[in-house]
Amino acid sequence: MAYSQQETKKCFLISLVFLLCCSPWHYVEVDEEKGVELFYYFVESERNPEKDPLLIWLTGGPGCSSLLGLTIEIGPLLFDLPNYVNGLPSINYKPDSWTQVSSVIFVDSPVGTGFSYSRTTEGFQTSDTETARQLLHFLYKWLEEHPKFKSNPLYICGSSYSGMIVPVLTLEISIAKESHGAPFNLKGYVLGNPITDMNFDKNAKVPFVHGMALISDELYESTKKSCSGNYMTPSNIHCAKYLDTVTEDSLYQLSNFWANNGTVRDALGIHKGTIVDWHRCTHLPYTSNVQSAVPYHRTITSKGYPTLIYSGDHDAMAPYVGTQAWIRSLNFSVIDNWRPWYSSGQVAGYDLFGLWF
Ligand SMILES: *[C@@H]1O[C@H](CO)[C@@H](O)[C@H](O)[C@H]1NC(C)=O
Ligand SMILES: *[C@@H]1O[C@H](CO)[C@@H](O)[C@H](O)[C@H]1NC(C)=O
């Protein structure tokens, strides 16, 4: 469904009213036999949709709705929390969005997430590899329905738990492209604070919370000593006890009010009787069958596809300490050393570039 940039901007500003008249939200059936329908929100680039990259954005969980991507993470909409009183929350336009320079498909995946559903019970049973397979199917069908985006540079993106899905999906897309010339202009993939491998992510949690000054030096030293630096599987009762001691908002609530309001659901074209109660994150009958995403990263990057891995420094589930450790394990040669990058004259973060031989 095409509409001009002018219309898109207006759509953002008048938000809900406009959802009614120019709603681009849709479903794609990704498993005909089991009746699996994936729901998505699509936002065209605010710059040049003909040329700008096309992104798939996946939220984490597994089971957290892509509405979070649209309204809390990288999308152009924002719930008006400061002025919220009651009833339906209003939505504002957020200029700091990735849609400034790219068109983004926010997909509710795996099935059971957000508004995505299955017509059969067995259709709700899914896994990492099945999710990637369904998303590949999604992409085929979506591009068939939107052929004008076939030539746009394609990037597969996500955060948190999608760290287990994005590398698998990216690899499948690259294989489909190489083996039978599938129409994907794949250019790379992007991950933020990705869950990747428990050996890295979980082990990094203890040094991370210590580095963040969330636990005392004494507790850190005792934990390290009792666990001999292995926090994955406590080898003794002292280690287990210390690990128990080392532990872990309202915008979320507004997304619940919004997505469960009948007027909103009519505007989105939600299939009646499918998802009775929308949840920000749904507990899915899900099998995590990818033990580690590291081998996938190795294979895709060695094929020459670039990746951007970025990390906020306040995530204890996918701590940047663990992310750095698994990136290091890939033995890239560093071509540009650790250095600050700036935004409006202030240090906004640090980056490092590597190259695979
Ligand atoms: C849903 O939103 C509409 C439009 O703002 C509003 O009139 C209605 O009261 C809301 N319904 C509920 C149950 O909050
Ligand atoms: C990285 O280097 C180490 C040490 O030389 C080696 O054991 C490991 O297999 C290498 N990893 C990769 C992905 O090549």
# chains A, B, ... in the order shown; residues from 1 in each chain; ligands from 1
call {"tool": "closest_atom_pairs", "arguments": {"of": "chain A", "to": "ligand 1", "cutoff": "9 Å", "atoms": "only C-alpha atoms and all ligand atoms", "output": "JSON lines"}}
result
{"residue": "A:Leu16", "atom": "CA", "partner": "ligand 1", "partner_atom_place_in_ligand_line": "5 (O)", "distance": 8.3}
{"residue": "A:Asn86", "atom": "CA", "partner": "ligand 1", "partner_atom_place_in_ligand_line": "14 (O)", "distance": 8.1}
{"residue": "A:Gly87", "atom": "CA", "partner": "ligand 1", "partner_atom_place_in_ligand_line": "14 (O)", "distance": 4.5}
{"residue": "A:Leu88", "atom": "CA", "partner": "ligand 1", "partner_atom_place_in_ligand_line": "2 (O)", "distance": 5.0}
{"residue": "A:Pro89", "atom": "CA", "partner": "ligand 1", "partner_atom_place_in_ligand_line": "5 (O)", "distance": 8.1}
{"residue": "A:Ser90", "atom": "CA", "partner": "ligand 1", "partner_atom_place_in_ligand_line": "5 (O)", "distance": 8.5}
{"residue": "A:Phe257", "atom": "CA", "partner": "ligand 1", "partner_atom_place_in_ligand_line": "14 (O)", "distance": 7.3}
{"residue": "A:Trp258", "atom": "CA", "partner": "ligand 1", "partner_atom_place_in_ligand_line": "1 (C)", "distance": 7.8}
{"residue": "A:Asn260", "atom": "CA", "partner": "ligand 1", "partner_atom_place_in_ligand_line": "13 (C)", "distance": 8.0}
{"residue": "A:Asn261", "atom": "CA", "partner": "ligand 1", "partner_atom_place_in_ligand_line": "1 (C)", "distance": 4.6}
{"residue": "A:Gly262", "atom": "CA", "partner": "ligand 1", "partner_atom_place_in_ligand_line": "1 (C)", "distance": 5.7}
{"residue": "A:Thr263", "atom": "CA", "partner": "ligand 1", "partner_atom_place_in_ligand_line": "1 (C)", "distance": 5.2}
{"residue": "A:Val264", "atom": "CA", "partner": "ligand 1", "partner_atom_place_in_ligand_line": "2 (O)", "distance": 6.7}
call {"tool": "write_last_selection", "arguments": {"atoms": "all heavy atoms", "output": "mmCIF file, in the first residue's frame"}}
result
data_model
loop_
_atom_site.group_PDB
_atom_site.id
_atom_site.type_symbol
_atom_site.label_atom_id
_atom_site.label_comp_id
_atom_site.auth_asym_id
_atom_site.auth_seq_id
_atom_site.Cartn_x
_atom_site.Cartn_y
_atom_site.Cartn_z
ATOM 1 N N LEU A 16 -3.859 8.132 15.684
ATOM 2 C CA LEU A 16 -4.943 7.170 15.698
ATOM 3 C C LEU A 16 -5.991 7.410 14.618
ATOM 4 O O LEU A 16 -6.422 6.482 13.939
ATOM 5 C CB LEU A 16 -5.611 7.159 17.067
ATOM 6 C CG LEU A 16 -6.572 5.996 17.229
ATOM 7 C CD1 LEU A 16 -5.830 4.676 17.139
ATOM 8 C CD2 LEU A 16 -7.310 6.100 18.526
ATOM 9 N N ASN A 86 -6.369 8.963 31.486
ATOM 10 C CA ASN A 86 -6.929 7.608 31.441
ATOM 11 C C ASN A 86 -7.512 7.340 30.054
ATOM 12 O O ASN A 86 -7.444 8.201 29.182
ATOM 13 C CB ASN A 86 -7.979 7.387 32.539
ATOM 14 C CG ASN A 86 -9.103 8.389 32.447
ATOM 15 O OD1 ASN A 86 -9.399 8.899 31.356
ATOM 16 N ND2 ASN A 86 -9.740 8.682 33.554
ATOM 17 N N GLY A 87 -8.062 6.133 29.862
ATOM 18 C CA GLY A 87 -8.629 5.768 28.562
ATOM 19 C C GLY A 87 -7.534 5.469 27.555
ATOM 20 O O GLY A 87 -6.462 4.978 27.909
ATOM 21 N N LEU A 88 -7.816 5.816 26.303
ATOM 22 C CA LEU A 88 -6.882 5.500 25.227
ATOM 23 C C LEU A 88 -5.700 6.472 25.239
ATOM 24 O O LEU A 88 -5.893 7.678 25.170
ATOM 25 C CB LEU A 88 -7.626 5.591 23.891
ATOM 26 C CG LEU A 88 -6.864 5.110 22.672
ATOM 27 C CD1 LEU A 88 -6.661 3.604 22.730
ATOM 28 C CD2 LEU A 88 -7.608 5.489 21.410
ATOM 29 N N PRO A 89 -4.472 5.965 25.341
ATOM 30 C CA PRO A 89 -3.324 6.887 25.321
ATOM 31 C C PRO A 89 -3.143 7.501 23.932
ATOM 32 O O PRO A 89 -3.446 6.851 22.940
ATOM 33 C CB PRO A 89 -2.140 5.982 25.660
ATOM 34 C CG PRO A 89 -2.571 4.606 25.319
ATOM 35 C CD PRO A 89 -4.069 4.561 25.457
ATOM 36 N N SER A 90 -2.701 8.736 23.872
ATOM 37 C CA SER A 90 -2.437 9.283 22.547
ATOM 38 C C SER A 90 -0.975 9.043 22.177
ATOM 39 O O SER A 90 -0.129 8.771 23.028
ATOM 40 C CB SER A 90 -2.829 10.747 22.453
ATOM 41 O OG SER A 90 -2.255 11.454 23.507
ATOM 42 N N PHE A 257 -3.012 -0.706 27.125
ATOM 43 C CA PHE A 257 -4.293 -0.002 26.946
ATOM 44 C C PHE A 257 -4.563 0.199 25.460
ATOM 45 O O PHE A 257 -5.662 0.008 24.983
ATOM 46 C CB PHE A 257 -4.265 1.381 27.626
ATOM 47 C CG PHE A 257 -4.160 1.316 29.129
ATOM 48 C CD1 PHE A 257 -3.602 2.369 29.837
ATOM 49 C CD2 PHE A 257 -4.627 0.223 29.837
ATOM 50 C CE1 PHE A 257 -3.508 2.326 31.223
ATOM 51 C CE2 PHE A 257 -4.542 0.161 31.214
ATOM 52 C CZ PHE A 257 -3.975 1.213 31.918
ATOM 53 N N TRP A 258 -3.531 0.599 24.744
ATOM 54 C CA TRP A 258 -3.678 0.945 23.332
ATOM 55 C C TRP A 258 -4.065 -0.271 22.506
ATOM 56 O O TRP A 258 -5.059 -0.269 21.792
ATOM 57 C CB TRP A 258 -2.366 1.572 22.842
ATOM 58 C CG TRP A 258 -2.436 2.165 21.479
ATOM 59 C CD1 TRP A 258 -2.917 3.402 21.146
ATOM 60 C CD2 TRP A 258 -2.003 1.558 20.253
ATOM 61 N NE1 TRP A 258 -2.803 3.604 19.786
ATOM 62 C CE2 TRP A 258 -2.252 2.491 19.223
ATOM 63 C CE3 TRP A 258 -1.433 0.336 19.921
ATOM 64 C CZ2 TRP A 258 -1.937 2.231 17.900
ATOM 65 C CZ3 TRP A 258 -1.125 0.076 18.595
ATOM 66 C CH2 TRP A 258 -1.384 1.016 17.605
ATOM 67 N N ASN A 260 -5.295 -3.053 23.307
ATOM 68 C CA ASN A 260 -6.512 -3.777 23.686
ATOM 69 C C ASN A 260 -7.782 -2.953 23.479
ATOM 70 O O ASN A 260 -8.875 -3.420 23.754
ATOM 71 C CB ASN A 260 -6.410 -4.270 25.134
ATOM 72 C CG ASN A 260 -5.533 -5.513 25.227
ATOM 73 O OD1 ASN A 260 -5.685 -6.442 24.434
ATOM 74 N ND2 ASN A 260 -4.593 -5.510 26.147
ATOM 75 N N ASN A 261 -7.627 -1.721 23.003
ATOM 76 C CA ASN A 261 -8.808 -0.880 22.758
ATOM 77 C C ASN A 261 -9.475 -1.294 21.439
ATOM 78 O O ASN A 261 -8.807 -1.448 20.408
ATOM 79 C CB ASN A 261 -8.371 0.589 22.707
ATOM 80 C CG ASN A 261 -9.535 1.500 22.404
ATOM 81 O OD1 ASN A 261 -10.020 1.537 21.272
ATOM 82 N ND2 ASN A 261 -10.015 2.226 23.398
ATOM 83 N N GLY A 262 -10.805 -1.467 21.481
ATOM 84 C CA GLY A 262 -11.551 -1.945 20.320
ATOM 85 C C GLY A 262 -11.407 -1.066 19.090
ATOM 86 O O GLY A 262 -11.268 -1.570 17.969
ATOM 87 N N THR A 263 -11.415 0.247 19.294
ATOM 88 C CA THR A 263 -11.296 1.179 18.164
ATOM 89 C C THR A 263 -9.944 0.996 17.479
ATOM 90 O O THR A 263 -9.842 0.967 16.248
ATOM 91 C CB THR A 263 -11.427 2.638 18.669
ATOM 92 O OG1 THR A 263 -12.547 2.703 19.542
ATOM 93 C CG2 THR A 263 -11.603 3.610 17.532
ATOM 94 N N VAL A 264 -8.895 0.869 18.313
ATOM 95 C CA VAL A 264 -7.548 0.670 17.773
ATOM 96 C C VAL A 264 -7.494 -0.638 16.996
ATOM 97 O O VAL A 264 -6.987 -0.699 15.870
ATOM 98 C CB VAL A 264 -6.506 0.642 18.918
ATOM 99 C CG1 VAL A 264 -5.143 0.205 18.407
ATOM 100 C CG2 VAL A 264 -6.410 1.993 19.600
#
call {"tool": "residues_around", "arguments": {"residues": "A:Thr245", "least_positions_apart": "6", "cutoff": "10 Å", "atoms": "only C-alpha atoms", "output": "list in words"}}
result
Ile215, Leu219 and Thr223 of chain A
call {"tool": "residues_near_ligand", "arguments": {"ligand": "ligand 2", "cutoff": "8 Å", "atoms": "only C-alpha atoms and all ligand atoms", "output": "list in words"}}
result
Pro295, Arg298, Ser329, Leu330 and Asn331 of chain A
call {"tool": "select_by_dssp", "arguments": {"residues": "stretch 213-316 of chain A", "states": "alpha helix (DSSP H)", "output": "JSON, numbers by chain"}}
result
{"A": [217, 218, 219, 220, 221, 222, 223, 224, 225, 226, 227, 237, 238, 239, 240, 241, 242, 243, 244, 245, 250, 251, 252, 253, 254, 255, 256, 257, 258, 259, 262, 263, 264, 265, 266, 267, 268, 294, 295, 296, 297, 298, 299, 300, 301, 302]}
call {"tool": "closest_residue", "arguments": {"among": "A:Ser228, A:Asn185, A:Ser311, A:Asn193", "to": "A:Ala240", "atoms": "only C-alpha atoms"}}
result
A:Ser228
call {"tool": "atom_distance", "arguments": {"atom1": "atom CA of A:Pro95", "atom2": "atom CA of A:Val43"}}
result
13.2 Å
call {"tool": "select_by_dssp", "arguments": {"residues": "stretch 129-339 of chain A", "states": "strand (DSSP E or B)", "output": "number ranges by chain"}}
result
A: 154-159, 186-192, 197, 281, 286-287, 292, 307-310, 333-339
call {"tool": "atom_distance", "arguments": {"atom1": "atom CA of A:Val166", "atom2": "atom CA of A:Gly114"}}
result
18.6 Å
call {"tool": "residues_around", "arguments": {"residues": "stretch 207-213 of chain A", "least_positions_apart": "6", "cutoff": "10 Å", "atoms": "only C-alpha atoms", "output": "PDB file with N, CA, C and O atoms, in the first residue's frame"}}
result
ATOM      1  N   LEU A 219      31.228  -8.908  47.760  1.00  0.00           N
ATOM      2  CA  LEU A 219      30.367  -9.953  47.196  1.00  0.00           C
ATOM      3  C   LEU A 219      30.960 -10.464  45.885  1.00  0.00           C
ATOM      4  O   LEU A 219      30.953 -11.667  45.601  1.00  0.00           O
ATOM      5  N   TYR A 220      31.480  -9.548  45.089  1.00  0.00           N
ATOM      6  CA  TYR A 220      32.072  -9.948  43.807  1.00  0.00           C
ATOM      7  C   TYR A 220      33.232 -10.912  44.032  1.00  0.00           C
ATOM      8  O   TYR A 220      33.301 -11.979  43.403  1.00  0.00           O
ATOM      9  N   GLU A 221      34.129 -10.561  44.955  1.00  0.00           N
ATOM     10  CA  GLU A 221      35.313 -11.394  45.204  1.00  0.00           C
ATOM     11  C   GLU A 221      34.909 -12.760  45.750  1.00  0.00           C
ATOM     12  O   GLU A 221      35.455 -13.783  45.320  1.00  0.00           O
ATOM     13  N   LYS A 224      33.310 -14.792  42.904  1.00  0.00           N
ATOM     14  CA  LYS A 224      34.332 -15.209  41.938  1.00  0.00           C
ATOM     15  C   LYS A 224      35.119 -16.399  42.492  1.00  0.00           C
ATOM     16  O   LYS A 224      35.369 -17.372  41.777  1.00  0.00           O
ATOM     17  N   GLY A 229      35.124 -18.492  38.858  1.00  0.00           N
ATOM     18  CA  GLY A 229      34.936 -17.741  37.609  1.00  0.00           C
ATOM     19  C   GLY A 229      33.946 -18.372  36.640  1.00  0.00           C
ATOM     20  O   GLY A 229      33.747 -17.874  35.544  1.00  0.00           O
ATOM     21  N   VAL A 246      23.423 -12.092  43.810  1.00  0.00           N
ATOM     22  CA  VAL A 246      23.734 -11.203  42.681  1.00  0.00           C
ATOM     23  C   VAL A 246      22.522 -11.150  41.754  1.00  0.00           C
ATOM     24  O   VAL A 246      22.418 -11.933  40.852  1.00  0.00           O
ATOM     25  N   THR A 247      21.547 -10.338  42.018  1.00  0.00           N
ATOM     26  CA  THR A 247      20.374 -10.320  41.131  1.00  0.00           C
ATOM     27  C   THR A 247      20.120  -8.994  40.332  1.00  0.00           C
ATOM     28  O   THR A 247      20.803  -8.015  40.553  1.00  0.00           O
ATOM     29  N   GLU A 248      18.650  -9.000  39.795  1.00  0.00           N
ATOM     30  CA  GLU A 248      18.191  -7.817  39.115  1.00  0.00           C
ATOM     31  C   GLU A 248      17.301  -6.885  40.003  1.00  0.00           C
ATOM     32  O   GLU A 248      17.507  -7.032  41.253  1.00  0.00           O
ATOM     33  N   ASP A 313      24.903  -0.026  27.722  1.00  0.00           N
ATOM     34  CA  ASP A 313      25.724  -0.584  28.812  1.00  0.00           C
ATOM     35  C   ASP A 313      24.906  -0.846  30.076  1.00  0.00           C
ATOM     36  O   ASP A 313      25.463  -1.022  31.150  1.00  0.00           O
ATOM     37  N   HIS A 314      23.559  -0.880  29.978  1.00  0.00           N
ATOM     38  CA  HIS A 314      22.748  -1.129  31.168  1.00  0.00           C
ATOM     39  C   HIS A 314      21.883  -2.373  31.034  1.00  0.00           C
ATOM     40  O   HIS A 314      20.796  -2.435  31.590  1.00  0.00           O
ATOM     41  N   ASP A 315      22.319  -3.348  30.259  1.00  0.00           N
ATOM     42  CA  ASP A 315      21.526  -4.550  30.071  1.00  0.00           C
ATOM     43  C   ASP A 315      22.239  -5.727  30.732  1.00  0.00           C
ATOM     44  O   ASP A 315      23.309  -6.126  30.299  1.00  0.00           O
ATOM     45  N   ALA A 316      21.606  -6.266  31.781  1.00  0.00           N
ATOM     46  CA  ALA A 316      22.253  -7.363  32.502  1.00  0.00           C
ATOM     47  C   ALA A 316      21.917  -8.728  31.897  1.00  0.00           C
ATOM     48  O   ALA A 316      22.506  -9.736  32.273  1.00  0.00           O
ATOM     49  N   ALA A 318      21.902  -9.307  28.408  1.00  0.00           N
ATOM     50  CA  ALA A 318      22.914  -9.449  27.351  1.00  0.00           C
ATOM     51  C   ALA A 318      23.976  -8.391  27.630  1.00  0.00           C
ATOM     52  O   ALA A 318      24.075  -7.400  26.912  1.00  0.00           O
ATOM     53  N   PRO A 319      24.775  -8.582  28.695  1.00  0.00           N
ATOM     54  CA  PRO A 319      25.743  -7.550  29.081  1.00  0.00           C
ATOM     55  C   PRO A 319      26.818  -7.364  28.000  1.00  0.00           C
ATOM     56  O   PRO A 319      27.233  -8.336  27.379  1.00  0.00           O
ATOM     57  N   TYR A 320      27.210  -6.122  27.784  1.00  0.00           N
ATOM     58  CA  TYR A 320      28.178  -5.854  26.712  1.00  0.00           C
ATOM     59  C   TYR A 320      29.488  -6.596  26.945  1.00  0.00           C
ATOM     60  O   TYR A 320      30.205  -6.907  26.005  1.00  0.00           O
ATOM     61  N   VAL A 321      29.771  -6.941  28.207  1.00  0.00           N
ATOM     62  CA  VAL A 321      31.004  -7.672  28.521  1.00  0.00           C
ATOM     63  C   VAL A 321      31.010  -9.028  27.803  1.00  0.00           C
ATOM     64  O   VAL A 321      32.015  -9.436  27.213  1.00  0.00           O
ATOM     65  N   GLY A 322      29.851  -9.707  27.833  1.00  0.00           N
ATOM     66  CA  GLY A 322      29.735 -11.004  27.170  1.00  0.00           C
ATOM     67  C   GLY A 322      29.740 -10.829  25.658  1.00  0.00           C
ATOM     68  O   GLY A 322      30.326 -11.632  24.926  1.00  0.00           O
TER      69      GLY A 322
END
call {"tool": "decode", "arguments": {"residues": "stretch 78-175 of chain A", "atoms": "C-alpha atoms", "output": "PDB file, in the first residue's frame"}}
result
ATOM      1  CA  LEU A  78       5.807   7.440  21.136  1.00  0.00           C
ATOM      2  CA  PHE A  79       3.026   7.107  23.696  1.00  0.00           C
ATOM      3  CA  ASP A  80       2.274  10.446  25.346  1.00  0.00           C
ATOM      4  CA  LEU A  81       3.022   9.353  28.899  1.00  0.00           C
ATOM      5  CA  PRO A  82       3.483  12.841  30.442  1.00  0.00           C
ATOM      6  CA  ASN A  83      -0.071  13.907  29.486  1.00  0.00           C
ATOM      7  CA  TYR A  84      -1.741  10.570  30.070  1.00  0.00           C
ATOM      8  CA  VAL A  85      -4.821  10.660  32.309  1.00  0.00           C
ATOM      9  CA  ASN A  86      -6.929   7.608  31.441  1.00  0.00           C
ATOM     10  CA  GLY A  87      -8.629   5.768  28.562  1.00  0.00           C
ATOM     11  CA  LEU A  88      -6.882   5.500  25.227  1.00  0.00           C
ATOM     12  CA  PRO A  89      -3.324   6.887  25.321  1.00  0.00           C
ATOM     13  CA  SER A  90      -2.437   9.283  22.547  1.00  0.00           C
ATOM     14  CA  ILE A  91       0.566   8.809  20.348  1.00  0.00           C
ATOM     15  CA  ASN A  92       3.117  11.422  19.320  1.00  0.00           C
ATOM     16  CA  TYR A  93       5.570  11.568  16.468  1.00  0.00           C
ATOM     17  CA  LYS A  94       9.146  10.815  17.489  1.00  0.00           C
ATOM     18  CA  PRO A  95      11.723  12.332  15.153  1.00  0.00           C
ATOM     19  CA  ASP A  96      14.676  10.279  16.491  1.00  0.00           C
ATOM     20  CA  SER A  97      13.688   7.199  14.575  1.00  0.00           C
ATOM     21  CA  TRP A  98      15.394   4.792  12.205  1.00  0.00           C
ATOM     22  CA  THR A  99      12.522   5.469   9.786  1.00  0.00           C
ATOM     23  CA  GLN A 100      14.221   8.809   9.077  1.00  0.00           C
ATOM     24  CA  VAL A 101      16.523   6.878   6.745  1.00  0.00           C
ATOM     25  CA  SER A 102      14.956   3.450   6.221  1.00  0.00           C
ATOM     26  CA  SER A 103      11.647   1.660   5.732  1.00  0.00           C
ATOM     27  CA  VAL A 104      10.975  -0.731   8.595  1.00  0.00           C
ATOM     28  CA  ILE A 105       8.757  -3.824   8.853  1.00  0.00           C
ATOM     29  CA  PHE A 106       8.068  -4.444  12.547  1.00  0.00           C
ATOM     30  CA  VAL A 107       7.036  -8.112  12.724  1.00  0.00           C
ATOM     31  CA  ASP A 108       5.192  -9.775  15.614  1.00  0.00           C
ATOM     32  CA  SER A 109       7.263 -12.966  15.722  1.00  0.00           C
ATOM     33  CA  PRO A 110       7.393 -15.820  16.792  1.00  0.00           C
ATOM     34  CA  VAL A 111       3.749 -16.813  16.241  1.00  0.00           C
ATOM     35  CA  GLY A 112       1.749 -16.088  19.437  1.00  0.00           C
ATOM     36  CA  THR A 113       3.540 -12.761  19.875  1.00  0.00           C
ATOM     37  CA  GLY A 114       1.459  -9.557  19.841  1.00  0.00           C
ATOM     38  CA  PHE A 115      -1.286 -10.020  17.237  1.00  0.00           C
ATOM     39  CA  SER A 116       0.306 -12.959  15.398  1.00  0.00           C
ATOM     40  CA  TYR A 117      -1.693 -16.157  15.755  1.00  0.00           C
ATOM     41  CA  SER A 118      -2.351 -19.631  14.481  1.00  0.00           C
ATOM     42  CA  ARG A 119      -5.669 -21.204  13.506  1.00  0.00           C
ATOM     43  CA  THR A 120      -4.471 -24.516  14.959  1.00  0.00           C
ATOM     44  CA  THR A 121      -3.049 -25.315  18.400  1.00  0.00           C
ATOM     45  CA  GLU A 122      -0.017 -27.038  16.933  1.00  0.00           C
ATOM     46  CA  GLY A 123       0.728 -23.914  14.918  1.00  0.00           C
ATOM     47  CA  PHE A 124       1.619 -22.124  18.161  1.00  0.00           C
ATOM     48  CA  GLN A 125       4.399 -24.656  18.872  1.00  0.00           C
ATOM     49  CA  THR A 126       7.551 -23.117  17.571  1.00  0.00           C
ATOM     50  CA  SER A 127      11.316 -22.844  17.974  1.00  0.00           C
ATOM     51  CA  ASP A 128      14.300 -20.703  16.968  1.00  0.00           C
ATOM     52  CA  THR A 129      14.820 -22.496  13.655  1.00  0.00           C
ATOM     53  CA  GLU A 130      11.078 -22.700  12.894  1.00  0.00           C
ATOM     54  CA  THR A 131      10.751 -18.976  13.633  1.00  0.00           C
ATOM     55  CA  ALA A 132      13.578 -18.196  11.214  1.00  0.00           C
ATOM     56  CA  ARG A 133      11.965 -20.436   8.587  1.00  0.00           C
ATOM     57  CA  GLN A 134       8.605 -18.663   8.975  1.00  0.00           C
ATOM     58  CA  LEU A 135      10.276 -15.268   8.733  1.00  0.00           C
ATOM     59  CA  LEU A 136      12.015 -16.304   5.521  1.00  0.00           C
ATOM     60  CA  HIS A 137       8.603 -17.286   4.140  1.00  0.00           C
ATOM     61  CA  PHE A 138       7.229 -13.971   5.424  1.00  0.00           C
ATOM     62  CA  LEU A 139       9.881 -12.074   3.515  1.00  0.00           C
ATOM     63  CA  TYR A 140       9.218 -13.950   0.252  1.00  0.00           C
ATOM     64  CA  LYS A 141       5.511 -13.189   0.461  1.00  0.00           C
ATOM     65  CA  TRP A 142       5.921  -9.625   1.688  1.00  0.00           C
ATOM     66  CA  LEU A 143       8.208  -8.761  -1.226  1.00  0.00           C
ATOM     67  CA  GLU A 144       5.757 -10.387  -3.646  1.00  0.00           C
ATOM     68  CA  GLU A 145       3.070  -8.068  -2.263  1.00  0.00           C
ATOM     69  CA  HIS A 146       5.410  -5.055  -2.262  1.00  0.00           C
ATOM     70  CA  PRO A 147       7.554  -5.599  -5.382  1.00  0.00           C
ATOM     71  CA  LYS A 148       8.795  -2.018  -5.411  1.00  0.00           C
ATOM     72  CA  PHE A 149      10.941  -2.842  -2.353  1.00  0.00           C
ATOM     73  CA  LYS A 150      12.664  -5.841  -3.974  1.00  0.00           C
ATOM     74  CA  SER A 151      15.682  -3.810  -5.038  1.00  0.00           C
ATOM     75  CA  ASN A 152      16.127  -1.858  -1.798  1.00  0.00           C
ATOM     76  CA  PRO A 153      19.148  -2.857   0.307  1.00  0.00           C
ATOM     77  CA  LEU A 154      17.830  -5.347   2.853  1.00  0.00           C
ATOM     78  CA  TYR A 155      19.001  -5.543   6.468  1.00  0.00           C
ATOM     79  CA  ILE A 156      17.815  -7.977   9.133  1.00  0.00           C
ATOM     80  CA  CYS A 157      17.709  -6.294  12.531  1.00  0.00           C
ATOM     81  CA  GLY A 158      16.638  -6.863  16.093  1.00  0.00           C
ATOM     82  CA  SER A 159      17.526  -6.755  19.731  1.00  0.00           C
ATOM     83  CA  SER A 160      17.788  -8.965  22.797  1.00  0.00           C
ATOM     84  CA  TYR A 161      16.413 -12.497  22.199  1.00  0.00           C
ATOM     85  CA  SER A 162      16.305 -11.928  18.437  1.00  0.00           C
ATOM     86  CA  GLY A 163      20.085 -12.332  18.744  1.00  0.00           C
ATOM     87  CA  MET A 164      19.241 -16.050  18.412  1.00  0.00           C
ATOM     88  CA  ILE A 165      16.980 -15.533  15.366  1.00  0.00           C
ATOM     89  CA  VAL A 166      18.568 -12.793  13.237  1.00  0.00           C
ATOM     90  CA  PRO A 167      21.821 -14.689  12.482  1.00  0.00           C
ATOM     91  CA  VAL A 168      19.881 -17.851  11.563  1.00  0.00           C
ATOM     92  CA  LEU A 169      17.466 -15.918   9.346  1.00  0.00           C
ATOM     93  CA  THR A 170      20.257 -13.901   7.711  1.00  0.00           C
ATOM     94  CA  LEU A 171      22.132 -17.107   6.904  1.00  0.00           C
ATOM     95  CA  GLU A 172      18.976 -18.694   5.411  1.00  0.00           C
ATOM     96  CA  ILE A 173      18.358 -15.628   3.262  1.00  0.00           C
ATOM     97  CA  SER A 174      21.949 -15.678   1.997  1.00  0.00           C
ATOM     98  CA  ILE A 175      21.652 -19.395   1.176  1.00  0.00           C
TER      99      ILE A 175
END
